[in-house]
>>> print(open('upload-v6.txt').read())   # compact mmCIF, C-alpha atoms
# COMPACT_ATOMS: atom_id res chain seq x y z
CA MET A 1 14.01 -28.91 -45.99
CA ALA A 2 17.20 -30.57 -45.00
CA LYS A 3 18.25 -29.66 -41.50
CA LYS A 4 21.57 -28.00 -41.09
CA GLN A 5 24.38 -30.26 -39.98
CA SER A 6 25.63 -29.81 -36.46
CA SER A 7 29.14 -28.99 -37.54
CA LEU A 8 31.16 -26.63 -35.42
CA ILE A 9 31.11 -23.83 -37.95
CA ASN A 10 27.37 -24.15 -38.43
CA MET A 11 26.68 -24.04 -34.74
CA VAL A 12 28.91 -21.06 -34.10
CA LEU A 13 27.49 -19.19 -37.05
CA THR A 14 23.88 -19.89 -36.10
CA LEU A 15 24.31 -18.76 -32.54
CA PHE A 16 26.20 -15.70 -33.64
CA VAL A 17 23.50 -14.67 -36.10
CA ILE A 18 20.67 -15.33 -33.69
CA THR A 19 22.22 -13.40 -30.83
CA THR A 20 23.12 -10.51 -33.11
CA VAL A 21 19.62 -10.24 -34.50
CA ALA A 22 18.16 -10.47 -31.01
CA ALA A 23 20.51 -7.79 -29.70
CA VAL A 24 19.67 -5.40 -32.53
CA ALA A 25 15.93 -5.99 -32.12
CA LEU A 26 16.13 -5.38 -28.39
CA GLY A 27 18.15 -2.25 -28.95
CA PHE A 28 15.38 -0.92 -31.13
CA VAL A 29 12.63 -1.72 -28.66
CA TYR A 30 14.63 -0.20 -25.84
CA TYR A 31 15.20 2.94 -27.87
CA PHE A 32 11.50 3.36 -28.58
CA THR A 33 10.25 2.58 -25.09
CA GLN A 34 12.84 4.63 -23.24
CA GLU A 35 10.92 7.85 -23.58
CA PRO A 36 7.48 6.56 -22.52
CA ILE A 37 9.06 4.73 -19.59
CA SER A 38 10.74 7.84 -18.25
CA GLN A 39 7.54 9.79 -18.84
CA VAL A 40 5.58 7.27 -16.80
CA LYS A 41 8.11 7.52 -14.01
CA GLU A 42 7.98 11.29 -14.03
CA LYS A 43 4.20 11.29 -14.00
CA ARG A 44 4.13 8.89 -11.09
CA LEU A 45 6.53 11.04 -9.13
CA LYS A 46 4.41 14.11 -9.75
CA GLU A 47 1.24 12.32 -8.69
CA ALA A 48 2.96 11.02 -5.60
CA LEU A 49 4.27 14.50 -4.75
CA THR A 50 0.84 16.10 -4.97
CA LYS A 51 -0.44 13.34 -2.75
CA VAL A 52 2.07 13.73 0.05
CA LEU A 53 2.56 17.50 0.12
CA PRO A 54 0.37 20.50 0.76
CA GLU A 55 -0.68 22.31 -2.38
CA PHE A 56 2.39 23.69 -4.06
CA ASP A 57 3.31 25.72 -7.06
CA HIS A 58 6.68 24.41 -8.03
CA GLN A 59 9.28 22.07 -6.64
CA GLU A 60 13.00 21.75 -6.50
CA ALA A 61 14.78 18.44 -6.49
CA GLU A 62 18.06 17.85 -4.80
CA GLU A 63 19.96 14.94 -3.39
CA ILE A 64 21.33 14.39 0.07
CA ASP A 65 23.59 11.39 0.50
CA GLY A 66 21.98 9.81 -2.51
CA THR A 67 18.46 10.29 -1.17
CA PRO A 68 16.24 12.39 -3.43
CA VAL A 69 14.68 15.35 -1.67
CA TYR A 70 11.91 17.43 -3.21
CA LYS A 71 11.20 20.85 -1.77
CA ALA A 72 7.85 22.32 -2.62
CA PHE A 73 7.20 26.05 -2.75
CA ASP A 74 4.03 28.06 -3.14
CA ALA A 75 3.60 30.87 -5.62
CA ASN A 76 5.38 33.34 -3.29
CA ASN A 77 8.42 31.11 -3.08
CA GLN A 78 7.56 30.11 0.45
CA LEU A 79 8.54 26.59 1.41
CA VAL A 80 5.38 24.62 2.09
CA GLY A 81 6.76 21.16 2.53
CA THR A 82 9.50 18.69 1.80
CA ALA A 83 9.15 15.25 0.36
CA ILE A 84 11.80 12.61 0.78
CA GLU A 85 12.16 9.43 -1.15
CA ALA A 86 13.48 7.01 1.42
CA VAL A 87 14.36 3.35 1.06
CA THR A 88 14.82 0.61 3.61
CA ASP A 89 15.97 -2.93 3.10
CA LYS A 90 14.20 -4.19 6.19
CA GLY A 91 11.02 -5.17 4.40
CA PHE A 92 9.70 -8.69 4.53
CA GLY A 93 10.14 -9.24 0.83
CA GLY A 94 12.86 -6.75 -0.03
CA ASP A 95 13.28 -3.04 -0.32
CA VAL A 96 10.50 -0.70 0.63
CA LYS A 97 10.57 2.70 -1.02
CA VAL A 98 8.34 5.40 0.36
CA LEU A 99 7.87 9.02 -0.56
CA ALA A 100 7.25 10.80 2.72
CA GLY A 101 6.03 14.38 2.79
CA PHE A 102 6.72 16.68 5.74
CA ASP A 103 5.13 20.02 6.38
CA THR A 104 7.22 22.95 7.52
CA GLU A 105 6.90 21.91 11.15
CA GLY A 106 8.39 18.52 10.48
CA LYS A 107 5.15 16.64 10.85
CA ILE A 108 4.19 13.98 8.35
CA PHE A 109 1.79 15.45 5.87
CA GLY A 110 1.36 12.39 3.74
CA TYR A 111 3.12 9.39 2.31
CA SER A 112 3.01 7.22 -0.72
CA VAL A 113 4.52 3.79 -1.08
CA LEU A 114 6.47 3.83 -4.32
CA GLU A 115 7.85 0.35 -4.30
CA HIS A 116 7.53 -2.71 -2.16
CA LYS A 117 7.65 -6.46 -2.43
CA GLU A 118 5.66 -7.25 0.68
CA THR A 119 3.20 -10.11 0.86
CA ALA A 120 0.00 -9.39 -1.02
CA GLY A 121 -2.91 -8.98 1.36
CA LEU A 122 -0.68 -8.46 4.38
CA GLY A 123 2.30 -6.15 4.17
CA SER A 124 0.99 -4.75 0.91
CA LYS A 125 -1.70 -2.98 2.90
CA MET A 126 0.85 -0.40 4.01
CA GLY A 127 -0.33 1.86 1.23
CA GLU A 128 -3.62 2.49 3.06
CA TRP A 129 -3.07 1.29 6.60
CA PHE A 130 -1.00 4.23 7.77
CA GLN A 131 -2.99 6.90 5.96
CA GLU A 132 -5.39 9.23 7.64
CA GLY A 133 -8.46 7.21 8.55
CA GLY A 134 -6.48 3.98 8.37
CA LYS A 135 -6.01 1.86 11.42
CA GLY A 136 -2.40 2.81 11.96
CA ASN A 137 -2.66 6.49 11.06
CA VAL A 138 0.71 8.23 11.11
CA ILE A 139 -0.35 11.43 9.40
CA GLY A 140 0.45 14.48 11.49
CA LYS A 141 2.95 12.54 13.55
CA ASP A 142 6.04 14.28 14.78
CA LEU A 143 8.98 12.05 14.12
CA SER A 144 11.42 13.67 16.51
CA THR A 145 10.46 10.64 18.57
CA GLU A 146 11.34 7.68 16.44
CA ALA A 147 8.40 5.92 14.87
CA LYS A 148 8.07 2.42 16.28
CA VAL A 149 5.37 -0.20 16.28
CA ARG A 150 3.62 -0.90 19.58
CA LYS A 151 5.37 -4.23 19.96
CA ASP A 152 8.69 -2.40 20.11
CA GLY A 153 7.43 0.17 22.56
CA GLY A 154 6.31 2.79 20.06
CA ASP A 155 2.86 4.12 19.32
CA VAL A 156 2.30 3.04 15.72
CA ASP A 157 -0.33 0.37 15.24
CA ALA A 158 1.23 -2.36 13.12
CA ILE A 159 -0.62 -4.01 10.28
CA THR A 160 -2.35 -7.15 11.52
CA ALA A 161 -0.11 -10.14 10.88
CA ALA A 162 2.53 -7.99 9.19
CA THR A 163 4.72 -6.68 11.97
CA ILE A 164 7.90 -6.94 9.93
CA SER A 165 6.44 -4.89 7.10
CA SER A 166 5.19 -2.37 9.64
CA ARG A 167 8.63 -2.17 11.22
CA ALA A 168 10.10 -1.59 7.81
CA PHE A 169 7.59 1.17 7.24
CA CYS A 170 8.53 2.85 10.52
CA ASP A 171 12.16 2.48 9.62
CA VAL A 172 11.65 4.11 6.26
CA LEU A 173 9.81 7.01 7.91
CA ASN A 174 12.65 7.47 10.39
CA ARG A 175 15.15 7.47 7.58
CA ALA A 176 13.09 10.01 5.71
CA TYR A 177 12.95 12.18 8.79
CA ALA A 178 16.70 11.94 9.28
CA THR A 179 17.18 13.15 5.74
CA TYR A 180 14.55 15.81 6.28
CA THR A 181 16.44 17.24 9.23
CA ALA A 182 19.69 16.94 7.35
CA SER A 183 18.17 18.87 4.47
CA GLY A 184 18.31 21.92 6.73
CA ASN A 185 14.74 23.02 6.28
CA THR A 186 14.81 26.71 6.68
CA CYS A 187 11.52 27.29 8.39
CA ALA A 188 10.40 28.52 11.72
CA GLN A 189 12.14 28.16 15.03
CA GLN A 190 9.77 25.63 16.45
CA THR A 191 11.41 22.97 14.34
CA GLU A 192 13.38 20.72 16.59
CA ALA A 193 16.68 20.10 15.03
CA GLU A 194 17.95 16.59 15.03
CA PRO A 195 21.70 16.90 15.07
CA GLN A 196 22.53 13.74 13.16
CA GLU A 197 21.21 11.00 11.07
CA GLU A 198 22.03 8.37 13.64
CA VAL A 199 19.22 8.66 16.14
CA LYS A 200 19.62 5.29 17.71
CA GLU A 201 20.64 5.79 21.34
CA GLU A 202 19.85 9.14 22.81
CA VAL A 203 16.34 9.43 21.55
CA ALA A 204 14.92 10.04 24.99
CA GLU A 205 17.12 13.06 25.54
CA LYS A 206 16.55 14.58 22.21
CA VAL A 207 12.82 14.57 22.64
CA GLU A 208 13.19 17.32 25.20
CA PRO A 209 13.26 20.56 23.29
CA THR A 210 16.11 21.80 25.40
CA ASN A 211 18.47 22.21 22.54
CA GLU A 212 17.02 25.53 21.38
CA GLY A 213 17.31 24.54 17.76
CA GLY A 214 20.89 25.75 17.84
CA ASN A 215 22.40 22.57 16.54
CA ASP A 216 24.06 22.68 13.23
CA ASN A 217 22.34 20.25 10.98
CA GLU A 218 24.85 18.39 8.99
CA MET B 1 -6.72 -32.51 -47.14
CA LYS B 2 -7.86 -28.93 -46.74
CA GLU B 3 -10.67 -29.80 -44.34
CA GLU B 4 -8.31 -31.88 -42.34
CA THR B 5 -5.99 -28.92 -41.79
CA THR B 6 -8.81 -26.73 -40.55
CA MET B 7 -9.87 -29.52 -38.23
CA ASN B 8 -6.32 -29.89 -37.04
CA ASN B 9 -5.97 -26.19 -36.47
CA TRP B 10 -9.12 -26.12 -34.43
CA LYS B 11 -7.86 -29.08 -32.43
CA ASN B 12 -4.49 -27.40 -31.96
CA PHE B 13 -6.27 -24.37 -30.68
CA THR B 14 -8.70 -26.02 -28.28
CA LYS B 15 -6.43 -28.64 -26.81
CA GLY B 16 -4.72 -26.02 -24.69
CA PHE B 17 -7.86 -25.22 -22.78
CA ILE B 18 -8.81 -28.52 -21.17
CA LYS B 19 -7.32 -31.59 -22.74
CA GLU B 20 -3.70 -30.50 -22.64
CA ASN B 21 -3.99 -27.46 -20.43
CA PRO B 22 -0.43 -26.46 -19.57
CA VAL B 23 -1.01 -25.91 -15.87
CA LEU B 24 -3.83 -28.26 -15.05
CA VAL B 25 -2.87 -31.30 -17.08
CA MET B 26 0.77 -30.97 -18.04
CA LEU B 27 1.73 -29.19 -14.80
CA LEU B 28 4.10 -26.87 -16.60
CA GLY B 29 4.86 -23.33 -15.57
CA CYS B 30 3.79 -23.79 -11.98
CA CYS B 31 6.14 -21.16 -10.57
CA PRO B 32 4.36 -18.13 -12.04
CA THR B 33 1.07 -19.93 -11.51
CA LEU B 34 1.63 -20.10 -7.79
CA GLY B 35 3.33 -16.74 -7.56
CA THR B 36 1.11 -14.40 -9.52
CA THR B 37 -2.41 -15.65 -8.92
CA THR B 38 -3.11 -13.54 -5.87
CA SER B 39 -5.94 -11.88 -7.76
CA ALA B 40 -7.92 -12.54 -10.92
CA ILE B 41 -6.49 -9.57 -12.77
CA ASN B 42 -2.90 -10.51 -11.91
CA GLY B 43 -3.44 -14.06 -13.10
CA LEU B 44 -5.03 -12.88 -16.32
CA SER B 45 -2.31 -10.35 -17.12
CA MET B 46 0.41 -12.89 -16.43
CA GLY B 47 -1.39 -15.36 -18.67
CA LEU B 48 -1.72 -12.84 -21.48
CA ALA B 49 1.92 -11.79 -21.23
CA THR B 50 2.90 -15.44 -21.49
CA THR B 51 0.54 -15.88 -24.45
CA PHE B 52 2.23 -13.04 -26.28
CA VAL B 53 5.66 -14.58 -25.75
CA LEU B 54 4.39 -18.03 -26.63
CA VAL B 55 2.80 -16.97 -29.92
CA CYS B 56 5.78 -14.87 -31.01
CA SER B 57 8.38 -17.47 -30.09
CA ASN B 58 6.37 -20.27 -31.70
CA ILE B 59 6.11 -18.31 -34.93
CA VAL B 60 9.78 -17.38 -35.07
CA ILE B 61 11.00 -20.81 -34.07
CA SER B 62 8.85 -22.59 -36.63
CA LEU B 63 10.26 -20.21 -39.24
CA ILE B 64 13.90 -20.77 -38.40
CA LYS B 65 13.69 -24.39 -37.31
CA ASN B 66 15.48 -25.69 -40.39
CA LEU B 67 18.29 -23.19 -40.11
CA ILE B 68 19.26 -24.28 -36.64
CA PRO B 69 21.58 -27.24 -36.17
CA ASP B 70 20.13 -29.74 -33.74
CA LYS B 71 22.88 -29.49 -31.18
CA VAL B 72 22.40 -25.77 -30.55
CA ARG B 73 18.64 -25.66 -30.83
CA ILE B 74 17.96 -25.17 -27.11
CA PRO B 75 20.26 -22.15 -26.72
CA SER B 76 18.85 -20.69 -29.92
CA TYR B 77 15.28 -21.11 -28.71
CA ILE B 78 16.14 -19.58 -25.37
CA VAL B 79 17.65 -16.52 -27.05
CA VAL B 80 14.51 -16.07 -29.13
CA ILE B 81 12.25 -16.50 -26.10
CA ALA B 82 14.33 -14.25 -23.87
CA SER B 83 14.26 -11.49 -26.49
CA PHE B 84 10.47 -11.55 -26.66
CA VAL B 85 10.23 -11.55 -22.89
CA THR B 86 12.45 -8.49 -22.71
CA VAL B 87 10.31 -6.83 -25.36
CA ILE B 88 7.11 -7.36 -23.40
CA ASP B 89 8.87 -6.35 -20.21
CA LEU B 90 9.81 -3.00 -21.75
CA LEU B 91 6.42 -2.53 -23.39
CA MET B 92 4.58 -3.17 -20.14
CA GLN B 93 6.85 -0.76 -18.30
CA ALA B 94 6.05 1.90 -20.86
CA TYR B 95 2.35 1.37 -21.44
CA LEU B 96 0.93 -0.69 -18.57
CA PRO B 97 2.81 0.65 -15.55
CA GLY B 98 0.10 -0.33 -13.09
CA ILE B 99 0.15 -3.99 -14.01
CA TYR B 100 3.89 -3.95 -14.39
CA GLU B 101 4.21 -2.90 -10.79
CA THR B 102 2.43 -5.98 -9.49
CA LEU B 103 3.84 -8.44 -12.02
CA GLY B 104 7.23 -6.88 -12.58
CA LEU B 105 9.13 -9.52 -10.71
CA PHE B 106 7.56 -12.37 -12.65
CA ILE B 107 7.80 -11.05 -16.18
CA PRO B 108 11.49 -11.91 -16.64
CA LEU B 109 10.67 -15.35 -15.28
CA ILE B 110 8.59 -16.11 -18.37
CA VAL B 111 11.91 -16.96 -19.98
CA VAL B 112 12.25 -20.03 -17.83
CA ASN B 113 8.58 -20.93 -18.03
CA CYS B 114 8.60 -24.52 -19.20
CA ILE B 115 5.52 -24.00 -21.33
CA VAL B 116 7.28 -21.67 -23.71
CA LEU B 117 10.34 -23.82 -24.27
CA GLY B 118 8.17 -26.92 -24.10
CA ARG B 119 5.95 -25.79 -26.96
CA ALA B 120 8.97 -24.67 -28.95
CA GLU B 121 10.56 -28.06 -28.56
CA ALA B 122 7.45 -30.23 -28.82
CA PHE B 123 5.46 -28.35 -31.43
CA ALA B 124 7.00 -25.37 -33.18
CA SER B 125 10.18 -27.19 -34.11
CA LYS B 126 8.15 -29.81 -35.95
CA ASN B 127 5.22 -27.90 -37.43
CA GLY B 128 4.54 -25.07 -39.82
CA VAL B 129 4.15 -21.41 -39.00
CA TRP B 130 0.38 -21.22 -38.98
CA ALA B 131 -0.09 -24.37 -36.91
CA SER B 132 2.55 -23.18 -34.44
CA CYS B 133 0.89 -19.79 -34.13
CA VAL B 134 -2.46 -21.44 -33.43
CA ASP B 135 -0.86 -23.82 -30.98
CA GLY B 136 0.82 -20.97 -29.12
CA LEU B 137 -2.40 -19.00 -28.98
CA GLY B 138 -4.42 -21.94 -27.71
CA MET B 139 -1.88 -22.96 -25.13
CA GLY B 140 -1.35 -19.40 -24.00
CA LEU B 141 -5.03 -18.64 -23.64
CA GLY B 142 -5.59 -21.93 -21.84
CA TYR B 143 -2.82 -20.94 -19.47
CA ALA B 144 -4.29 -17.47 -19.03
CA LEU B 145 -7.72 -18.93 -18.35
CA ALA B 146 -6.40 -21.33 -15.72
CA LEU B 147 -4.45 -18.55 -14.05
CA MET B 148 -7.41 -16.22 -14.09
CA ILE B 149 -9.74 -18.79 -12.51
CA LEU B 150 -7.21 -19.72 -9.86
CA GLY B 151 -6.58 -16.03 -9.21
CA ALA B 152 -10.31 -15.35 -8.96
CA VAL B 153 -10.83 -18.18 -6.47
CA ARG B 154 -7.96 -16.97 -4.33
CA GLU B 155 -9.12 -13.39 -4.53
CA VAL B 156 -12.68 -14.26 -3.56
CA LEU B 157 -11.65 -16.42 -0.62
CA GLY B 158 -8.63 -14.43 0.42
CA SER B 159 -9.68 -10.82 0.12
CA LEU B 160 -13.45 -11.09 -0.53
CA SER B 161 -13.25 -9.27 -3.82
CA ILE B 162 -13.29 -10.09 -7.50
CA PHE B 163 -11.37 -8.20 -10.18
CA GLY B 164 -10.59 -5.62 -7.54
CA TRP B 165 -14.22 -5.09 -6.60
CA GLN B 166 -14.76 -5.66 -2.90
CA PHE B 167 -18.15 -7.23 -2.25
CA ILE B 168 -17.85 -7.63 1.51
CA GLN B 169 -15.95 -5.16 3.63
CA ALA B 170 -14.02 -7.57 5.77
CA ASP B 171 -10.86 -9.61 5.86
CA GLY B 172 -11.00 -12.87 3.96
CA ILE B 173 -9.30 -16.15 4.68
CA LEU B 174 -5.80 -14.81 4.67
CA VAL B 175 -4.07 -18.07 3.85
CA PHE B 176 -5.53 -18.04 0.35
CA VAL B 177 -3.62 -14.91 -0.55
CA LEU B 178 -0.41 -16.40 0.75
CA ALA B 179 1.69 -19.09 -0.87
CA PRO B 180 0.00 -22.09 0.81
CA GLY B 181 -3.35 -20.93 -0.57
CA ALA B 182 -1.92 -21.15 -4.06
CA PHE B 183 -1.07 -24.79 -3.50
CA PHE B 184 -4.48 -25.58 -2.01
CA GLY B 185 -6.29 -23.82 -4.80
CA LEU B 186 -4.18 -25.38 -7.54
CA ALA B 187 -4.53 -28.86 -6.04
CA TYR B 188 -8.31 -28.71 -5.92
CA PHE B 189 -8.44 -27.14 -9.34
CA ILE B 190 -6.36 -29.97 -10.82
CA ALA B 191 -8.42 -32.59 -9.02
CA VAL B 192 -11.66 -31.19 -10.42
CA VAL B 193 -10.32 -30.92 -13.95
CA ARG B 194 -8.96 -34.46 -13.84
CA ARG B 195 -12.30 -35.75 -12.67
CA PHE B 196 -14.01 -34.31 -15.73
CA ASN B 197 -11.21 -35.02 -18.14
CA LYS B 198 -11.49 -38.77 -17.83
>>> encode(input="upload-v6.txt", output="structure tokens")
Amino acid sequence: MAKKQSSLINMVLTLFVITTVAAVALGFVYYFTQEPISQVKEKRLKEALTKVLPEFDHQEAEEIDGTPVYKAFDANNQLVGTAIEAVTDKGFGGDVKVLAGFDTEGKIFGYSVLEHKETAGLGSKMGEWFQEGGKGNVIGKDLSTEAKVRKDGGDVDAITAATISSRAFCDVLNRAYATYTASGNTCAQQTEAEPQEEVKEEVAEKVEPTNEGGNDNE
Amino acid sequence: MKEETTMNNWKNFTKGFIKENPVLVMLLGCCPTLGTTTSAINGLSMGLATTFVLVCSNIVISLIKNLIPDKVRIPSYIVVIASFVTVIDLLMQAYLPGIYETLGLFIPLIVVNCIVLGRAEAFASKNGVWASCVDGLGMGLGYALALMILGAVREVLGSLSIFGWQFIQADGILVFVLAPGAFFGLAYFIAVVRRFNK
């Protein structure tokens, strides 16, 4: 029962053995949970995609400037919608990650909040608030005019007592839309092309559909 | 002698609930207490995750207590605790993704939860395996219970629901979901328990 002496060699040895055993054990657990974890993630993504897009048959994933873009096709290989996984760091509690689905006309078909750290009971309502039937419904909105909360002169109703979270949500939608336009969606002429990702200043001009969709989207 | 041990074990188990409740009496582990108790289910899951870590670390530490030189015992305990926390972190990610999403941020913080290291230092390093296991279980469940009740109170007052079931379709008293509500709730909770613990 005698305790080990606190001699240098004892201490070094003990710590070495303990950390080694811990590292090996963790390696094992990591190895065995890796697969289920990635499965869970995949399943979530699939669920989210079916939620934010019109019915689709298969999807293609690509990446534009590091932003994942999922294009959904029906059985005849017709594009039915595009989902974009956009992130903003303007949230109240940190990053807000949203999967935004656009139909072929560039209108929001649906969205799903994938990740957020907003205040529970306030900003965390963004998962329902902006859905169809919610108080700040954005479904069907055309984002060629930037989404903004009413306080900033836009027409999106912010979540009560969570303006910053709502701003972040608008921001994430705008980012998603910028990527959507950059993804060069191939459909129909009525799509207004946004020339660039930076849509800060000349919003008012771009709203006018004067630019015949002839802009090269890059 | 035998009867005494059973008695002791029972005492070790029950003391965590009221008499030496980690949150309400010893005021340990208040950070996750305040942070995660926005709803009953969150509080309960956090409590159970902590219980798992507490039981495992108590067992392991009571087993290796004689092999560890005194001067490096704290780092050794922390390594053991941190490993178990990482294990539960990965397991929750894999098998309880829903709960992981709400608690994710707080799971790694179990490492620095004073209860876990406190029990290792105060109990497991001086007692046998079985007693330490019982102690960890009692303390952990006492912690989980306190968190669940606090979470339930905050959920009822703050969002008018209990265990996710909304009983009135309206907004509750918002402050109870926010950080100040955690302090209010915890303060009253402690006051009540102290009143009856005398």
>>> interface_residues(input="upload-v6.txt", of="chain B", to="chain A", cutoff="10 Å", atoms="only C-alpha atoms", output="ChimeraX atom specification")
/B:36,38-39,64-73,75-77,79-84,86-88,90-97,101-102,105,155,158-159,171-172,174-179
>>> closest_residue(input="upload-v6.txt", among="A:Asp142, A:Glu63, A:Glu105, A:Asp57", to="Asn76 in chain A", atoms="only C-alpha atoms")
A:Asp57
>>> atom_distance(input="upload-v6.txt", atom1="CA of Lys51 in chain A", atom2="CA of Cys170 in chain A")
19.1 Å
>>> residues_around(input="upload-v6.txt", residues="range 135-137 of chain B", least_positions_apart="4", cutoff="10 Å", atoms="all atoms listed in the file", output="PDB file with C-alpha atoms, keeping the file's coordinate frame")
ATOM      1  CA  ASN B   9      -5.970 -26.190 -36.470  1.00  0.00           C
ATOM      2  CA  TRP B  10      -9.120 -26.120 -34.430  1.00  0.00           C
ATOM      3  CA  LYS B  11      -7.860 -29.080 -32.430  1.00  0.00           C
ATOM      4  CA  ASN B  12      -4.490 -27.400 -31.960  1.00  0.00           C
ATOM      5  CA  PHE B  13      -6.270 -24.370 -30.680  1.00  0.00           C
ATOM      6  CA  THR B  14      -8.700 -26.020 -28.280  1.00  0.00           C
ATOM      7  CA  LYS B  15      -6.430 -28.640 -26.810  1.00  0.00           C
ATOM      8  CA  GLY B  16      -4.720 -26.020 -24.690  1.00  0.00           C
ATOM      9  CA  LEU B  48      -1.720 -12.840 -21.480  1.00  0.00           C
ATOM     10  CA  THR B  50       2.900 -15.440 -21.490  1.00  0.00           C
ATOM     11  CA  THR B  51       0.540 -15.880 -24.450  1.00  0.00           C
ATOM     12  CA  PHE B  52       2.230 -13.040 -26.280  1.00  0.00           C
ATOM     13  CA  VAL B  53       5.660 -14.580 -25.750  1.00  0.00           C
ATOM     14  CA  LEU B  54       4.390 -18.030 -26.630  1.00  0.00           C
ATOM     15  CA  VAL B  55       2.800 -16.970 -29.920  1.00  0.00           C
ATOM     16  CA  CYS B  56       5.780 -14.870 -31.010  1.00  0.00           C
ATOM     17  CA  SER B  57       8.380 -17.470 -30.090  1.00  0.00           C
ATOM     18  CA  ASN B  58       6.370 -20.270 -31.700  1.00  0.00           C
ATOM     19  CA  ILE B  59       6.110 -18.310 -34.930  1.00  0.00           C
ATOM     20  CA  ILE B 115       5.520 -24.000 -21.330  1.00  0.00           C
ATOM     21  CA  VAL B 116       7.280 -21.670 -23.710  1.00  0.00           C
ATOM     22  CA  ARG B 119       5.950 -25.790 -26.960  1.00  0.00           C
ATOM     23  CA  ALA B 120       8.970 -24.670 -28.950  1.00  0.00           C
ATOM     24  CA  PHE B 123       5.460 -28.350 -31.430  1.00  0.00           C
ATOM     25  CA  ALA B 124       7.000 -25.370 -33.180  1.00  0.00           C
ATOM     26  CA  ASN B 127       5.220 -27.900 -37.430  1.00  0.00           C
ATOM     27  CA  VAL B 129       4.150 -21.410 -39.000  1.00  0.00           C
ATOM     28  CA  TRP B 130       0.380 -21.220 -38.980  1.00  0.00           C
ATOM     29  CA  ALA B 131      -0.090 -24.370 -36.910  1.00  0.00           C
ATOM     30  CA  LEU B 141      -5.030 -18.640 -23.640  1.00  0.00           C
ATOM     31  CA  GLY B 142      -5.590 -21.930 -21.840  1.00  0.00           C
ATOM     32  CA  TYR B 143      -2.820 -20.940 -19.470  1.00  0.00           C
TER      33      TYR B 143
END
>>> closest_residue(input="upload-v6.txt", among="B:Leu117, B:Met46, B:Met139, B:Val134", to="Leu34 in chain B", atoms="only C-alpha atoms")
B:Met46
>>> residues_near_point(input="upload-v6.txt", point="(9.9, -4.3, 6.3)", cutoff="8 Å", atoms="all atoms listed in the file", output="number ranges by chain")
A: 88-96, 118, 164-169, 171
>>> write_last_selection(input="upload-v6.txt", atoms="C-alpha atoms", output="PDB file, keeping the file's coordinate frame")
ATOM      1  CA  THR A  88      14.820   0.610   3.610  1.00  0.00           C
ATOM      2  CA  ASP A  89      15.970  -2.930   3.100  1.00  0.00           C
ATOM      3  CA  LYS A  90      14.200  -4.190   6.190  1.00  0.00           C
ATOM      4  CA  GLY A  91      11.020  -5.170   4.400  1.00  0.00           C
ATOM      5  CA  PHE A  92       9.700  -8.690   4.530  1.00  0.00           C
ATOM      6  CA  GLY A  93      10.140  -9.240   0.830  1.00  0.00           C
ATOM      7  CA  GLY A  94      12.860  -6.750  -0.030  1.00  0.00           C
ATOM      8  CA  ASP A  95      13.280  -3.040  -0.320  1.00  0.00           C
ATOM      9  CA  VAL A  96      10.500  -0.700   0.630  1.00  0.00           C
ATOM     10  CA  GLU A 118       5.660  -7.250   0.680  1.00  0.00           C
ATOM     11  CA  ILE A 164       7.900  -6.940   9.930  1.00  0.00           C
ATOM     12  CA  SER A 165       6.440  -4.890   7.100  1.00  0.00           C
ATOM     13  CA  SER A 166       5.190  -2.370   9.640  1.00  0.00           C
ATOM     14  CA  ARG A 167       8.630  -2.170  11.220  1.00  0.00           C
ATOM     15  CA  ALA A 168      10.100  -1.590   7.810  1.00  0.00           C
ATOM     16  CA  PHE A 169       7.590   1.170   7.240  1.00  0.00           C
ATOM     17  CA  ASP A 171      12.160   2.480   9.620  1.00  0.00           C
TER      18      ASP A 171
END
>>> atom_distance(input="upload-v6.txt", atom1="CA of Val156 in chain A", atom2="CA of Ala178 in chain A")
18.1 Å
>>> residues_around(input="upload-v6.txt", residues="Lys107 in chain A", least_positions_apart="5", cutoff="6 Å", atoms="all atoms listed in the file", output="MDAnalysis selection string")
chainID A and resid 102 140:142
>>> closest_residue(input="upload-v6.txt", among="A:Thr50, A:Thr104, A:Asn137, A:Thr160", to="Thr82 in chain A", atoms="all atoms listed in the file")
A:Thr104
